[in-house]
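Text of query.txt, listed as compact mmCIF, C-alpha atoms and all ligand atoms:
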# COMPACT_ATOMS: atom_id res chain seq x y z
CA MET A 1 -36.05 -24.66 15.25
CA GLU A 2 -32.44 -23.41 14.99
CA SER A 3 -29.98 -25.77 13.33
CA GLY A 4 -26.49 -26.42 14.70
CA SER A 5 -24.98 -24.21 12.02
CA ASP A 6 -27.30 -21.28 12.94
CA ILE A 7 -26.16 -21.54 16.53
CA ARG A 8 -22.50 -21.79 15.53
CA ALA A 9 -22.80 -18.76 13.24
CA ARG A 10 -23.70 -16.75 16.35
CA THR A 11 -20.78 -18.10 18.41
CA SER A 12 -17.79 -15.84 18.78
CA ALA A 13 -14.49 -16.26 20.57
CA VAL A 14 -14.39 -13.84 23.51
CA ILE A 15 -11.26 -12.90 25.46
CA SER A 16 -11.93 -13.68 29.12
CA GLY A 17 -8.48 -13.67 30.71
CA VAL A 18 -4.94 -12.48 30.07
CA GLY A 19 -1.60 -13.24 31.72
CA SER A 20 2.13 -13.06 31.14
CA TYR A 21 5.49 -14.13 32.50
CA LEU A 22 8.99 -12.69 32.14
CA PRO A 23 12.19 -14.41 33.27
CA GLU A 24 14.09 -12.56 35.98
CA GLN A 25 17.43 -11.76 34.36
CA VAL A 26 17.57 -8.25 32.87
CA VAL A 27 20.10 -7.62 30.07
CA THR A 28 20.72 -3.90 29.51
CA ASN A 29 22.16 -2.21 26.44
CA PHE A 30 25.22 -1.47 28.54
CA ASP A 31 25.62 -5.21 29.26
CA LEU A 32 25.52 -5.94 25.51
CA SER A 33 27.99 -3.16 24.75
CA GLN A 34 30.51 -5.01 26.96
CA VAL A 35 30.47 -8.09 24.71
CA LEU A 36 29.48 -6.71 21.27
CA GLU A 37 30.52 -3.78 19.11
CA THR A 38 27.39 -1.77 19.89
CA SER A 39 26.27 1.03 22.18
CA ASP A 40 23.30 2.13 24.25
CA PRO A 41 22.72 5.24 22.06
CA TRP A 42 22.73 3.13 18.85
CA ILE A 43 20.29 0.55 20.22
CA ARG A 44 17.95 3.16 21.76
CA SER A 45 17.87 5.39 18.70
CA ARG A 46 17.55 2.59 16.10
CA THR A 47 15.16 0.28 17.99
CA GLY A 48 13.72 2.01 21.09
CA ILE A 49 14.99 -0.85 23.28
CA ARG A 50 16.70 -0.21 26.65
CA GLU A 51 16.69 -3.69 28.13
CA ARG A 52 15.30 -7.17 27.60
CA ARG A 53 14.89 -10.34 29.69
CA ARG A 54 16.85 -13.57 29.35
CA ALA A 55 15.71 -17.02 30.46
CA ALA A 56 17.89 -18.79 33.01
CA THR A 57 20.09 -21.70 31.98
CA GLY A 58 17.81 -24.71 31.63
CA GLN A 59 14.62 -22.61 31.40
CA ALA A 60 12.76 -23.61 28.22
CA THR A 61 9.80 -22.14 26.35
CA SER A 62 7.27 -24.38 28.16
CA ASP A 63 8.53 -23.14 31.55
CA LEU A 64 7.64 -19.55 30.61
CA ALA A 65 4.44 -20.60 28.82
CA VAL A 66 3.07 -22.57 31.79
CA GLU A 67 3.40 -19.53 34.07
CA ALA A 68 1.74 -17.18 31.57
CA GLY A 69 -0.99 -19.74 30.90
CA ARG A 70 -1.66 -20.30 34.61
CA ARG A 71 -2.04 -16.55 35.16
CA ALA A 72 -4.37 -16.11 32.17
CA LEU A 73 -6.56 -19.00 33.37
CA SER A 74 -6.65 -17.56 36.88
CA ALA A 75 -7.64 -14.12 35.51
CA SER A 76 -10.44 -15.78 33.51
CA GLY A 77 -11.99 -17.13 36.72
CA SER A 78 -11.57 -20.83 35.86
CA ASP A 79 -8.53 -23.09 35.67
CA GLN A 80 -10.13 -25.14 32.89
CA ALA A 81 -9.57 -25.11 29.12
CA ASP A 82 -10.32 -27.81 26.54
CA THR A 83 -7.69 -26.60 24.06
CA VAL A 84 -4.13 -25.26 24.33
CA ILE A 85 -2.50 -23.53 21.37
CA LEU A 86 1.14 -22.51 21.69
CA ALA A 87 2.59 -20.04 19.19
CA THR A 88 6.37 -20.30 19.25
CA THR A 89 9.55 -20.36 17.18
CA THR A 90 11.49 -22.02 20.01
CA PRO A 91 9.64 -25.25 20.89
CA ASP A 92 11.22 -27.25 23.72
CA GLU A 93 12.11 -29.97 21.18
CA THR A 94 11.70 -30.38 17.41
CA CYS A 95 9.31 -33.25 18.12
CA PRO A 96 6.78 -33.51 19.74
CA ALA A 97 4.94 -30.19 19.91
CA THR A 98 5.33 -28.31 23.19
CA ALA A 99 1.63 -27.54 23.82
CA PRO A 100 0.70 -31.05 25.09
CA ALA A 101 3.34 -30.81 27.85
CA ILE A 102 2.03 -27.36 28.80
CA ALA A 103 -1.54 -28.71 28.95
CA SER A 104 -0.46 -31.57 31.22
CA ARG A 105 1.52 -29.28 33.52
CA LEU A 106 -1.56 -27.03 33.82
CA GLY A 107 -3.69 -30.06 34.77
CA LEU A 108 -5.71 -29.89 31.54
CA GLU A 109 -5.96 -33.64 31.08
CA GLY A 110 -6.90 -34.75 27.58
CA ALA A 111 -6.99 -31.24 26.14
CA THR A 112 -6.51 -30.70 22.41
CA ALA A 113 -2.98 -29.28 22.27
CA PHE A 114 -0.74 -28.24 19.39
CA ASP A 115 1.82 -25.65 18.32
CA VAL A 116 1.42 -22.93 15.70
CA SER A 117 4.53 -21.96 13.76
CA ALA A 118 4.19 -18.48 12.25
CA VAL A 119 7.19 -16.79 13.93
CA CYS A 120 6.26 -13.33 15.28
CA THR A 121 2.74 -13.55 13.77
CA GLY A 122 2.14 -16.81 15.63
CA PHE A 123 -0.06 -15.37 18.36
CA VAL A 124 -2.47 -13.73 15.88
CA TYR A 125 -2.57 -16.96 13.85
CA GLY A 126 -3.21 -18.84 17.11
CA LEU A 127 -6.09 -16.54 18.04
CA ALA A 128 -7.65 -17.12 14.62
CA VAL A 129 -7.30 -20.90 14.91
CA GLY A 130 -8.75 -20.85 18.44
CA ALA A 131 -11.66 -18.69 17.29
CA GLY A 132 -12.27 -21.09 14.40
CA LEU A 133 -12.39 -24.11 16.74
CA ILE A 134 -14.89 -22.28 18.94
CA ALA A 135 -17.03 -21.24 15.94
CA ALA A 136 -17.03 -24.86 14.71
CA GLY A 137 -18.20 -26.11 18.10
CA THR A 138 -15.01 -28.16 18.53
CA ALA A 139 -13.80 -26.12 21.52
CA ARG A 140 -15.44 -24.04 24.27
CA ARG A 141 -12.44 -22.64 26.18
CA VAL A 142 -9.11 -22.16 24.43
CA LEU A 143 -5.84 -21.09 26.04
CA VAL A 144 -3.74 -19.31 23.40
CA ILE A 145 -0.13 -18.77 24.49
CA GLY A 146 2.68 -16.93 22.72
CA ALA A 147 6.08 -17.82 24.18
CA ASP A 148 9.62 -17.62 22.90
CA VAL A 149 13.11 -18.04 24.28
CA TYR A 150 14.99 -16.28 21.51
CA SER A 151 18.17 -16.32 23.58
CA THR A 152 18.45 -20.01 22.63
CA ILE A 153 18.53 -19.32 18.86
CA ILE A 154 20.25 -15.94 18.63
CA ASN A 155 23.92 -15.83 17.70
CA PRO A 156 25.42 -13.90 20.63
CA ALA A 157 28.04 -12.51 18.22
CA ASP A 158 25.46 -11.13 15.74
CA ARG A 159 24.83 -7.55 16.81
CA SER A 160 21.99 -7.10 14.32
CA THR A 161 19.80 -9.61 16.17
CA ALA A 162 21.36 -9.98 19.66
CA VAL A 163 20.32 -6.45 20.65
CA ILE A 164 16.70 -6.80 19.52
CA PHE A 165 15.28 -10.04 20.85
CA GLY A 166 14.21 -10.90 24.40
CA ASP A 167 12.56 -13.87 26.13
CA GLY A 168 8.99 -13.90 27.48
CA ALA A 169 5.49 -15.36 27.40
CA GLY A 170 1.92 -14.08 27.26
CA ALA A 171 -1.46 -15.78 27.06
CA VAL A 172 -5.18 -15.19 26.69
CA VAL A 173 -8.20 -17.38 27.36
CA LEU A 174 -10.88 -17.47 24.66
CA ARG A 175 -14.39 -18.64 25.58
CA ALA A 176 -17.49 -19.19 23.45
CA GLY A 177 -19.73 -16.13 23.48
CA GLU A 178 -21.87 -13.74 21.43
CA PRO A 179 -20.53 -11.68 18.48
CA GLY A 180 -21.68 -8.37 19.99
CA GLU A 181 -20.01 -8.89 23.39
CA ALA A 182 -17.03 -6.91 24.61
CA GLY A 183 -13.98 -9.10 24.05
CA ALA A 184 -15.41 -10.85 20.94
CA LEU A 185 -12.76 -11.11 18.23
CA GLY A 186 -13.76 -9.30 15.04
CA PRO A 187 -12.96 -10.50 11.53
CA THR A 188 -9.34 -11.64 11.33
CA VAL A 189 -7.20 -11.08 8.24
CA LEU A 190 -4.12 -13.29 7.77
CA GLY A 191 -1.56 -13.70 5.00
CA SER A 192 1.85 -15.02 3.98
CA ASP A 193 4.56 -14.72 1.31
CA GLY A 194 6.82 -17.78 1.21
CA GLU A 195 8.88 -16.29 -1.61
CA ARG A 196 10.43 -13.99 1.01
CA GLY A 197 11.00 -16.80 3.49
CA ASP A 198 14.73 -16.31 3.22
CA LEU A 199 14.53 -12.94 5.01
CA ILE A 200 14.08 -14.60 8.43
CA ARG A 201 15.28 -18.15 8.93
CA ILE A 202 17.23 -20.79 10.83
CA PRO A 203 18.76 -22.87 8.03
CA ALA A 204 19.78 -25.91 10.10
CA GLY A 205 17.85 -28.47 12.14
CA GLY A 206 15.04 -29.21 9.70
CA SER A 207 14.62 -31.89 7.04
CA ARG A 208 16.26 -29.75 4.33
CA GLN A 209 19.57 -29.60 6.15
CA ARG A 210 19.31 -33.08 7.67
CA SER A 211 18.60 -34.63 4.26
CA THR A 212 22.04 -33.53 3.10
CA LYS A 213 23.66 -35.73 5.81
CA ARG A 214 26.13 -32.88 6.28
CA SER A 215 26.81 -31.51 9.74
CA PRO A 216 25.52 -27.95 9.95
CA LEU A 217 27.92 -25.06 10.26
CA PRO A 218 27.60 -23.31 13.65
CA GLU A 219 26.11 -20.14 12.12
CA GLU A 220 23.44 -22.16 10.25
CA GLN A 221 21.95 -23.13 13.61
CA TYR A 222 21.24 -19.54 14.52
CA PHE A 223 18.36 -17.21 13.67
CA SER A 224 19.23 -14.86 10.80
CA MET A 225 17.35 -11.77 9.67
CA ALA A 226 17.86 -9.40 6.74
CA GLY A 227 17.08 -6.40 8.97
CA PRO A 228 16.52 -3.49 6.57
CA GLU A 229 14.30 -5.46 4.14
CA VAL A 230 12.36 -7.03 7.02
CA TYR A 231 11.89 -3.51 8.37
CA ARG A 232 10.30 -2.34 5.08
CA GLN A 233 8.09 -5.42 4.88
CA ALA A 234 6.99 -5.08 8.50
CA VAL A 235 5.87 -1.49 7.97
CA ALA A 236 4.02 -2.24 4.72
CA ARG A 237 2.36 -5.47 5.84
CA MET A 238 1.21 -4.33 9.31
CA THR A 239 -0.20 -1.14 7.79
CA GLU A 240 -2.07 -2.96 5.00
CA VAL A 241 -3.41 -5.79 7.09
CA SER A 242 -4.61 -3.39 9.82
CA GLN A 243 -6.48 -1.41 7.18
CA GLU A 244 -8.08 -4.63 5.87
CA ALA A 245 -9.13 -5.68 9.37
CA LEU A 246 -10.62 -2.21 9.98
CA ARG A 247 -12.58 -2.42 6.71
CA ALA A 248 -13.80 -5.92 7.58
CA ALA A 249 -14.99 -4.67 10.99
CA GLY A 250 -16.61 -1.54 9.48
CA TRP A 251 -14.45 0.71 11.69
CA GLN A 252 -12.77 4.01 10.81
CA ILE A 253 -9.22 4.66 12.07
CA GLY A 254 -10.53 7.68 14.03
CA GLU A 255 -12.57 5.31 16.25
CA VAL A 256 -9.54 3.22 17.28
CA ASP A 257 -8.45 3.80 20.88
CA ARG A 258 -5.48 1.41 20.98
CA LEU A 259 -3.12 -0.11 18.41
CA ILE A 260 -1.40 -3.18 19.82
CA ALA A 261 1.22 -4.08 17.22
CA HIS A 262 3.98 -6.67 17.35
CA GLN A 263 6.86 -4.95 19.14
CA ALA A 264 9.47 -5.26 16.39
CA ASN A 265 11.13 -1.85 16.56
CA SER A 266 9.79 1.46 17.90
CA ARG A 267 10.53 3.17 14.56
CA ILE A 268 8.42 0.54 12.77
CA LEU A 269 5.58 1.12 15.26
CA ASP A 270 5.71 4.91 14.78
CA THR A 271 5.70 4.59 10.99
CA VAL A 272 2.76 2.17 11.02
CA SER A 273 0.80 4.59 13.23
CA ASP A 274 1.65 7.50 10.91
CA ARG A 275 0.59 5.60 7.80
CA LEU A 276 -2.66 4.51 9.44
CA GLY A 277 -3.33 8.10 10.54
CA LEU A 278 -3.43 7.09 14.21
CA ALA A 279 -2.38 9.49 16.97
CA LYS A 280 0.86 8.21 18.58
CA GLU A 281 -0.59 8.18 22.10
CA ARG A 282 -3.08 5.52 20.93
CA GLN A 283 -0.25 3.12 20.07
CA LEU A 284 0.82 1.07 23.08
CA SER A 285 4.41 -0.10 23.48
CA ASN A 286 6.58 -2.00 25.95
CA ILE A 287 9.55 -2.58 23.64
CA ALA A 288 11.86 -0.35 25.74
CA LEU A 289 11.80 -2.86 28.60
CA VAL A 290 11.31 -6.23 26.89
CA GLY A 291 12.61 -5.90 23.31
CA ASN A 292 11.13 -8.06 20.57
CA THR A 293 9.73 -11.17 22.28
CA GLY A 294 8.51 -12.89 19.11
CA ALA A 295 5.18 -14.68 19.50
CA ALA A 296 4.91 -13.42 23.11
CA SER A 297 4.98 -9.79 22.03
CA ILE A 298 1.24 -9.05 21.70
CA PRO A 299 -0.17 -11.01 24.69
CA LEU A 300 2.66 -9.72 26.91
CA LEU A 301 1.82 -6.15 25.93
CA LEU A 302 -1.92 -6.78 26.44
CA ASP A 303 -1.31 -8.07 29.95
CA GLN A 304 1.08 -5.27 30.95
CA ALA A 305 -1.28 -2.65 29.51
CA VAL A 306 -4.20 -4.05 31.54
CA THR A 307 -2.00 -4.01 34.65
CA ASN A 308 -0.82 -0.42 34.16
CA GLY A 309 -4.25 0.84 33.09
CA THR A 310 -3.36 1.98 29.56
CA LEU A 311 -5.76 -0.65 28.13
CA ARG A 312 -9.25 -0.41 29.60
CA ALA A 313 -12.69 -1.95 29.14
CA GLY A 314 -14.49 -0.37 26.19
CA HIS A 315 -11.38 0.58 24.23
CA LYS A 316 -11.62 -0.20 20.53
CA VAL A 317 -8.46 -2.18 19.77
CA VAL A 318 -6.57 -3.26 16.65
CA LEU A 319 -4.09 -6.12 17.04
CA THR A 320 -1.53 -6.62 14.27
CA ALA A 321 1.61 -8.67 13.78
CA PHE A 322 4.26 -9.44 11.20
CA GLY A 323 6.97 -12.09 11.15
CA GLY A 324 9.05 -14.66 9.34
CA GLY A 325 7.43 -16.74 6.65
CA LEU A 326 6.76 -14.04 5.77
CA THR A 327 3.49 -13.93 7.69
CA TRP A 328 1.16 -11.19 8.88
CA GLY A 329 -2.26 -10.75 10.48
CA ALA A 330 -4.66 -8.37 12.21
CA THR A 331 -7.96 -8.37 14.06
CA THR A 332 -10.17 -5.98 16.03
CA LEU A 333 -12.07 -6.15 19.29
CA ILE A 334 -13.64 -4.04 21.98
CA TRP A 335 -11.54 -4.65 25.07
CA PRO A 336 -13.53 -6.51 27.77
CA ARG A 337 -13.53 -6.12 31.54
CA VAL A 338 -10.70 -8.46 32.54
CA THR A 339 -8.25 -8.38 35.40
CA SER A 340 -4.60 -9.29 35.38
CA ARG A 341 -3.10 -11.88 37.72
CA SER A 342 0.48 -11.31 36.59
CA ALA A 343 3.20 -10.05 38.89
CA ALA A 344 4.39 -6.60 37.78
O1 LIG B 401 10.05 -9.68 14.65
C1 LIG B 401 10.12 -9.91 13.26
C2 LIG B 401 10.23 -8.63 12.54
N1 LIG B 401 11.50 -8.03 12.82
C3 LIG B 401 11.66 -6.75 12.49
O2 LIG B 401 10.72 -6.14 12.03
C4 LIG B 401 13.03 -6.12 12.61
C5 LIG B 401 13.22 -5.19 11.44
N2 LIG B 401 14.55 -4.61 11.30
C6 LIG B 401 15.05 -3.72 12.18
O3 LIG B 401 14.47 -3.43 13.22
C7 LIG B 401 16.33 -3.00 11.82
O4 LIG B 401 16.64 -3.29 10.45
C8 LIG B 401 17.54 -3.35 12.70
C9 LIG B 401 17.33 -2.80 14.10
C10 LIG B 401 17.74 -4.86 12.73
C11 LIG B 401 18.81 -2.72 12.14
O5 LIG B 401 18.64 -1.32 12.07
P1 LIG B 401 18.93 -0.53 10.72
O6 LIG B 401 18.72 0.86 11.01
O7 LIG B 401 18.10 -1.18 9.64
O8 LIG B 401 20.47 -0.81 10.52
P2 LIG B 401 21.22 -1.48 9.29
O9 LIG B 401 21.12 -2.96 9.34
O10 LIG B 401 20.86 -0.78 8.01
O11 LIG B 401 22.71 -1.06 9.66
C12 LIG B 401 23.12 0.31 9.71
C13 LIG B 401 24.52 0.36 10.31
C14 LIG B 401 25.47 -0.67 9.71
O12 LIG B 401 26.76 -0.09 9.69
P3 LIG B 401 27.37 0.56 8.33
O13 LIG B 401 27.37 -0.54 7.33
O14 LIG B 401 26.43 1.67 7.97
O15 LIG B 401 28.71 1.01 8.76
C15 LIG B 401 25.44 -1.79 10.66
O16 LIG B 401 26.62 -2.57 10.63
O17 LIG B 401 24.44 0.03 11.70
C16 LIG B 401 25.32 -1.06 11.98
N3 LIG B 401 24.71 -1.87 13.05
C17 LIG B 401 24.97 -1.64 14.34
N4 LIG B 401 25.74 -0.73 14.96
C18 LIG B 401 25.79 -0.76 16.31
C19 LIG B 401 23.85 -2.90 12.93
N5 LIG B 401 23.54 -3.35 14.15
C20 LIG B 401 24.22 -2.59 15.04
C21 LIG B 401 24.31 -2.58 16.44
N6 LIG B 401 25.10 -1.65 17.03
N7 LIG B 401 23.62 -3.44 17.22

How does this structure look as structure tokens?
Ligand code: UT7
Amino acid sequence: MESGSDIRARTSAVISGVGSYLPEQVVTNFDLSQVLETSDPWIRSRTGIRERRRAATGQATSDLAVEAGRRALSASGSDQADTVILATTTPDETCPATAPAIASRLGLEGATAFDVSAVCTGFVYGLAVGAGLIAAGTARRVLVIGADVYSTIINPADRSTAVIFGDGAGAVVLRAGEPGEAGALGPTVLGSDGERGDLIRIPAGGSRQRSTKRSPLPEEQYFSMAGPEVYRQAVARMTEVSQEALRAAGWQIGEVDRLIAHQANSRILDTVSDRLGLAKERQLSNIALVGNTGAASIPLLLDQAVTNGTLRAGHKVVLTAFGGGLTWGATTLIWPRVTSRSAA
């Protein structure tokens, strides 16, 4: 007779739905050039971004996340989930976590619900945690959401970050299934380097600053990023971790149909593809129209790519992300037959 652990060893987390949500307001490069010393040609040529979305006044991360989560559940064919994981750098409040409120608003009474804090790698960390809960038999259906409202933490006067980041949300539903199924997550490789934590940070608001009893300076409350060094780290880490995930899956780069990388900067994406030896047309990107949406980046791209047909059932996919912490991660899967319920 099979033991519980034999059964669990054969349980994989399988993607069964995907959804996303973008706030309505579009902010173009021209708009930014009216308030900052920047230009459309600089932003396009250095980042690949043409426009991004901005949440309305009063619209918080959970408001975007609930919409993306509802659409992913609907696409999965059931409005039920026993677990909600929110990856975000912009929780509604410092305490409590935002995921329980999202679960309640989605009618998921009593669901396990918590936030994952891994900045732009948060969604890949969240997938791994969700897959682990399913493998352990603790969860059967997990809603993993990546959502960020960067406009609430960006210094509008800092042209090195204000032009890059946008607001948005994306989500997938993971269900318990078989390892060989389309949609089953392959081996996931994750990592961090806290010694470089200073490269991306918000100094104020946490216990370090509060323990000093000193009021924070205005600029300490904003997101700061050492752009050029983060750029180098992003290229190196996403390349290495993708190669590790490919090795763990037993895949060659020539078999990969789609690279879905965190949309940090189009030049970073091109360099990662080059270093991996992947043809550019196999790398999907939406950065031109949404910018860097933090933890939302990967699920938002997945959903848009399903909607526009560039990601199809049977494609062999590598997902990879890099972010503050520093943190990084990658996994592989064969894309399943899923529909999108998101408005274009
Ligand atoms: O999501 C987490 C991971 N994030 C990333 O991976 C982002 C990684 N970093 C980047 O994408 C790039 O470093 C940036 C887009 C942030 C900056 O691009 P860069 O090519 O690395 O520019 P830089 O910081 O080296 O600056 C080059 C020049 C500087 O002027 P000087 O000193 O050469 O006169 C900057 O002051 O460009 C200037 N600059 C700008 N000019 C016009 C910086 N930002 C802007 C701007 N508009 N928005």

Open item on the list: Around ligand LIG 401 (chain B), out to 9 Å and counting only C-alpha atoms and all ligand atoms, which residues are there? I want them as a PyMOL selection string.
Closed with: chain A and resi 32-33+36-43+45-47+119-121+158-165+200+225-235+262-268+292-295+297+321-324

Task: Selected residue of minimal separation from Arg70 of chain A among A:Arg105, A:Arg53, A:Arg175, A:Arg214, counting all atoms listed in the file - done: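 Once distances to Arg70 of chain A are computed over all atoms listed in the file, the minimum belongs to A:Arg105.
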
- [ ] Have a look at A:Gly325, A:Gly191, A:Gly291, A:Gly166 and name the one nearest to Ile154 of chain A; count all atoms listed in the file.
- [x]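 Going through A:Gly325, A:Gly191, A:Gly291, A:Gly166 one by one, the smallest distance to Ile154 of chain A is for A:Gly166.
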
Task: Polymer residues at most 8 Å from Ala139 of chain A, all atoms listed in the file, same-chain spacing of 4 or more positions, as a list in words - done: Asp82, Thr83, Gly130, Leu133 and Ile134 of chain A

TODO: Measure the distance from atom CA of Leu73 of chain A to atom CA of Ala171 of chain A in Å and round it to one decimal.
DONE: 8.7 Å

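Distances to Thr327 of chain A were evaluated for A:Ala60, A:Ala182, A:Met238, A:Ile287 using only C-alpha atoms, and the minimum falls at A:Met238.
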
- [ ] Could you please determine the separation between atom CA of Thr28 of chain A and atom CA of Ile153 of chain A in Å, to one decimal place?
- [x]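 Atom-to-atom, atom CA of Thr28 of chain A to atom CA of Ile153 of chain A, that is 18.9 Å.
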
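As for atom CA of Thr271 of chain A and atom CA of Leu259 of chain A, they are spaced 12.4 Å apart.
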
- [ ] Identify which of the residues A:Ser242, A:Ser16, A:Gln59, A:Ser340 lies closest to Leu319 of chain A, counting all atoms listed in the file when measuring atom-to-atom distances.
- [x] A:Ser242

Open item on the list: I'd like the neighbourhood of Ala99 of chain A as a ChimeraX atom specification, where a residue qualifies if any of its atoms comes within 7 Å (using all atoms listed in the file), though same-chain residues fewer than 4 positions away should be ignored.
Closed with: /A:84-86,103,113-115

Open item on the list: Which residues are near segment 10-15 of chain A? Cut-off 12 Å, all atoms listed in the file, ignore same chain within fewer than 4 positions. Put them as an MDAnalysis selection string.
Closed with: chainID A and resid 2:6 19 72:73 75:76 127:144 171:188 299 302:303 313 332:339

Task: Residue nearest Tyr21 of chain A among A:Ile102, A:Leu276, A:Ala169, A:Ile49 (counting all atoms listed in the file) - done: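 With all atoms listed in the file as the atom set, the closest residue is A:Ala169.
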
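Nearest residue to Ala68 of chain A, choosing from A:Gly170, A:Gly122, A:Gly110, A:Gly206 and counting only C-alpha atoms: A:Gly170.
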
Task: Neighbour list for Thr94 of chain A as a PyMOL selection string, cut-off 12 Å, only C-alpha atoms, skip fewer than 2 positions in-chain - done: chain A and resi 88-92+96-98+115+117+204-207

Open item on the list: Using only C-alpha atoms - which residues lie no farther than 7 Å from the point (-7.8, 5.3, 12.4) in the file's frame? Write them as an MDAnalysis selection string.
Closed with: chainID A and resid 252:256 276:278

Just need the box for segment 256-260 of chain A, edges along x, y and z, holding every atom the file lists for it with 4 Å tacked onto each side, so centre and edge lengths in Å to one decimal, as AutoDock Vina command-line options.
--center_x -5.5 --center_y 0.3 --center_z 19.1 --size_x 16.1 --size_y 15.0 --size_z 11.7

Can I get segment 150-168 of chain A with N, CA and C atoms filled in, as a PDB file, keeping the file's coordinate frame?
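Produced file rebuild_30.pdb, reproduced below:
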ATOM      1  N   TYR A 150      14.106 -16.603  22.625  1.00  0.00           N
ATOM      2  CA  TYR A 150      14.990 -16.280  21.510  1.00  0.00           C
ATOM      3  C   TYR A 150      16.462 -16.397  21.883  1.00  0.00           C
ATOM      4  N   SER A 151      16.754 -16.236  23.185  1.00  0.00           N
ATOM      5  CA  SER A 151      18.170 -16.320  23.580  1.00  0.00           C
ATOM      6  C   SER A 151      18.774 -17.669  23.237  1.00  0.00           C
ATOM      7  N   THR A 152      17.915 -18.687  22.976  1.00  0.00           N
ATOM      8  CA  THR A 152      18.450 -20.010  22.630  1.00  0.00           C
ATOM      9  C   THR A 152      18.756 -20.142  21.135  1.00  0.00           C
ATOM     10  N   ILE A 153      18.290 -19.199  20.310  1.00  0.00           N
ATOM     11  CA  ILE A 153      18.530 -19.320  18.860  1.00  0.00           C
ATOM     12  C   ILE A 153      19.278 -18.122  18.272  1.00  0.00           C
ATOM     13  N   ILE A 154      19.525 -17.122  19.100  1.00  0.00           N
ATOM     14  CA  ILE A 154      20.250 -15.940  18.630  1.00  0.00           C
ATOM     15  C   ILE A 154      21.749 -16.188  18.718  1.00  0.00           C
ATOM     16  N   ASN A 155      22.465 -15.777  17.669  1.00  0.00           N
ATOM     17  CA  ASN A 155      23.920 -15.830  17.700  1.00  0.00           C
ATOM     18  C   ASN A 155      24.409 -14.679  18.572  1.00  0.00           C
ATOM     19  N   PRO A 156      25.032 -14.991  19.727  1.00  0.00           N
ATOM     20  CA  PRO A 156      25.420 -13.900  20.630  1.00  0.00           C
ATOM     21  C   PRO A 156      26.426 -12.944  19.998  1.00  0.00           C
ATOM     22  N   ALA A 157      27.054 -13.371  18.885  1.00  0.00           N
ATOM     23  CA  ALA A 157      28.040 -12.510  18.220  1.00  0.00           C
ATOM     24  C   ALA A 157      27.413 -11.686  17.080  1.00  0.00           C
ATOM     25  N   ASP A 158      26.114 -11.851  16.835  1.00  0.00           N
ATOM     26  CA  ASP A 158      25.460 -11.130  15.740  1.00  0.00           C
ATOM     27  C   ASP A 158      24.751  -9.894  16.297  1.00  0.00           C
ATOM     28  N   ARG A 159      25.384  -8.745  16.153  1.00  0.00           N
ATOM     29  CA  ARG A 159      24.830  -7.550  16.810  1.00  0.00           C
ATOM     30  C   ARG A 159      23.519  -7.096  16.172  1.00  0.00           C
ATOM     31  N   SER A 160      23.236  -7.555  14.950  1.00  0.00           N
ATOM     32  CA  SER A 160      21.990  -7.100  14.320  1.00  0.00           C
ATOM     33  C   SER A 160      20.761  -7.812  14.873  1.00  0.00           C
ATOM     34  N   THR A 161      20.949  -8.949  15.538  1.00  0.00           N
ATOM     35  CA  THR A 161      19.800  -9.610  16.170  1.00  0.00           C
ATOM     36  C   THR A 161      19.932  -9.670  17.699  1.00  0.00           C
ATOM     37  N   ALA A 162      21.175  -9.780  18.209  1.00  0.00           N
ATOM     38  CA  ALA A 162      21.360  -9.980  19.660  1.00  0.00           C
ATOM     39  C   ALA A 162      20.830  -8.799  20.472  1.00  0.00           C
ATOM     40  N   VAL A 163      20.783  -7.609  19.868  1.00  0.00           N
ATOM     41  CA  VAL A 163      20.320  -6.450  20.650  1.00  0.00           C
ATOM     42  C   VAL A 163      18.795  -6.325  20.638  1.00  0.00           C
ATOM     43  N   ILE A 164      18.139  -7.016  19.722  1.00  0.00           N
ATOM     44  CA  ILE A 164      16.700  -6.800  19.520  1.00  0.00           C
ATOM     45  C   ILE A 164      15.834  -7.747  20.349  1.00  0.00           C
ATOM     46  N   PHE A 165      16.220  -9.041  20.342  1.00  0.00           N
ATOM     47  CA  PHE A 165      15.280 -10.040  20.850  1.00  0.00           C
ATOM     48  C   PHE A 165      15.416 -10.278  22.358  1.00  0.00           C
ATOM     49  N   GLY A 166      14.260 -10.577  22.983  1.00  0.00           N
ATOM     50  CA  GLY A 166      14.210 -10.900  24.400  1.00  0.00           C
ATOM     51  C   GLY A 166      13.320 -12.116  24.608  1.00  0.00           C
ATOM     52  N   ASP A 167      13.342 -12.678  25.809  1.00  0.00           N
ATOM     53  CA  ASP A 167      12.560 -13.870  26.130  1.00  0.00           C
ATOM     54  C   ASP A 167      11.303 -13.474  26.919  1.00  0.00           C
ATOM     55  N   GLY A 168      10.210 -14.213  26.720  1.00  0.00           N
ATOM     56  CA  GLY A 168       8.990 -13.900  27.480  1.00  0.00           C
ATOM     57  C   GLY A 168       7.825 -14.767  27.030  1.00  0.00           C
TER      58      GLY A 168
END
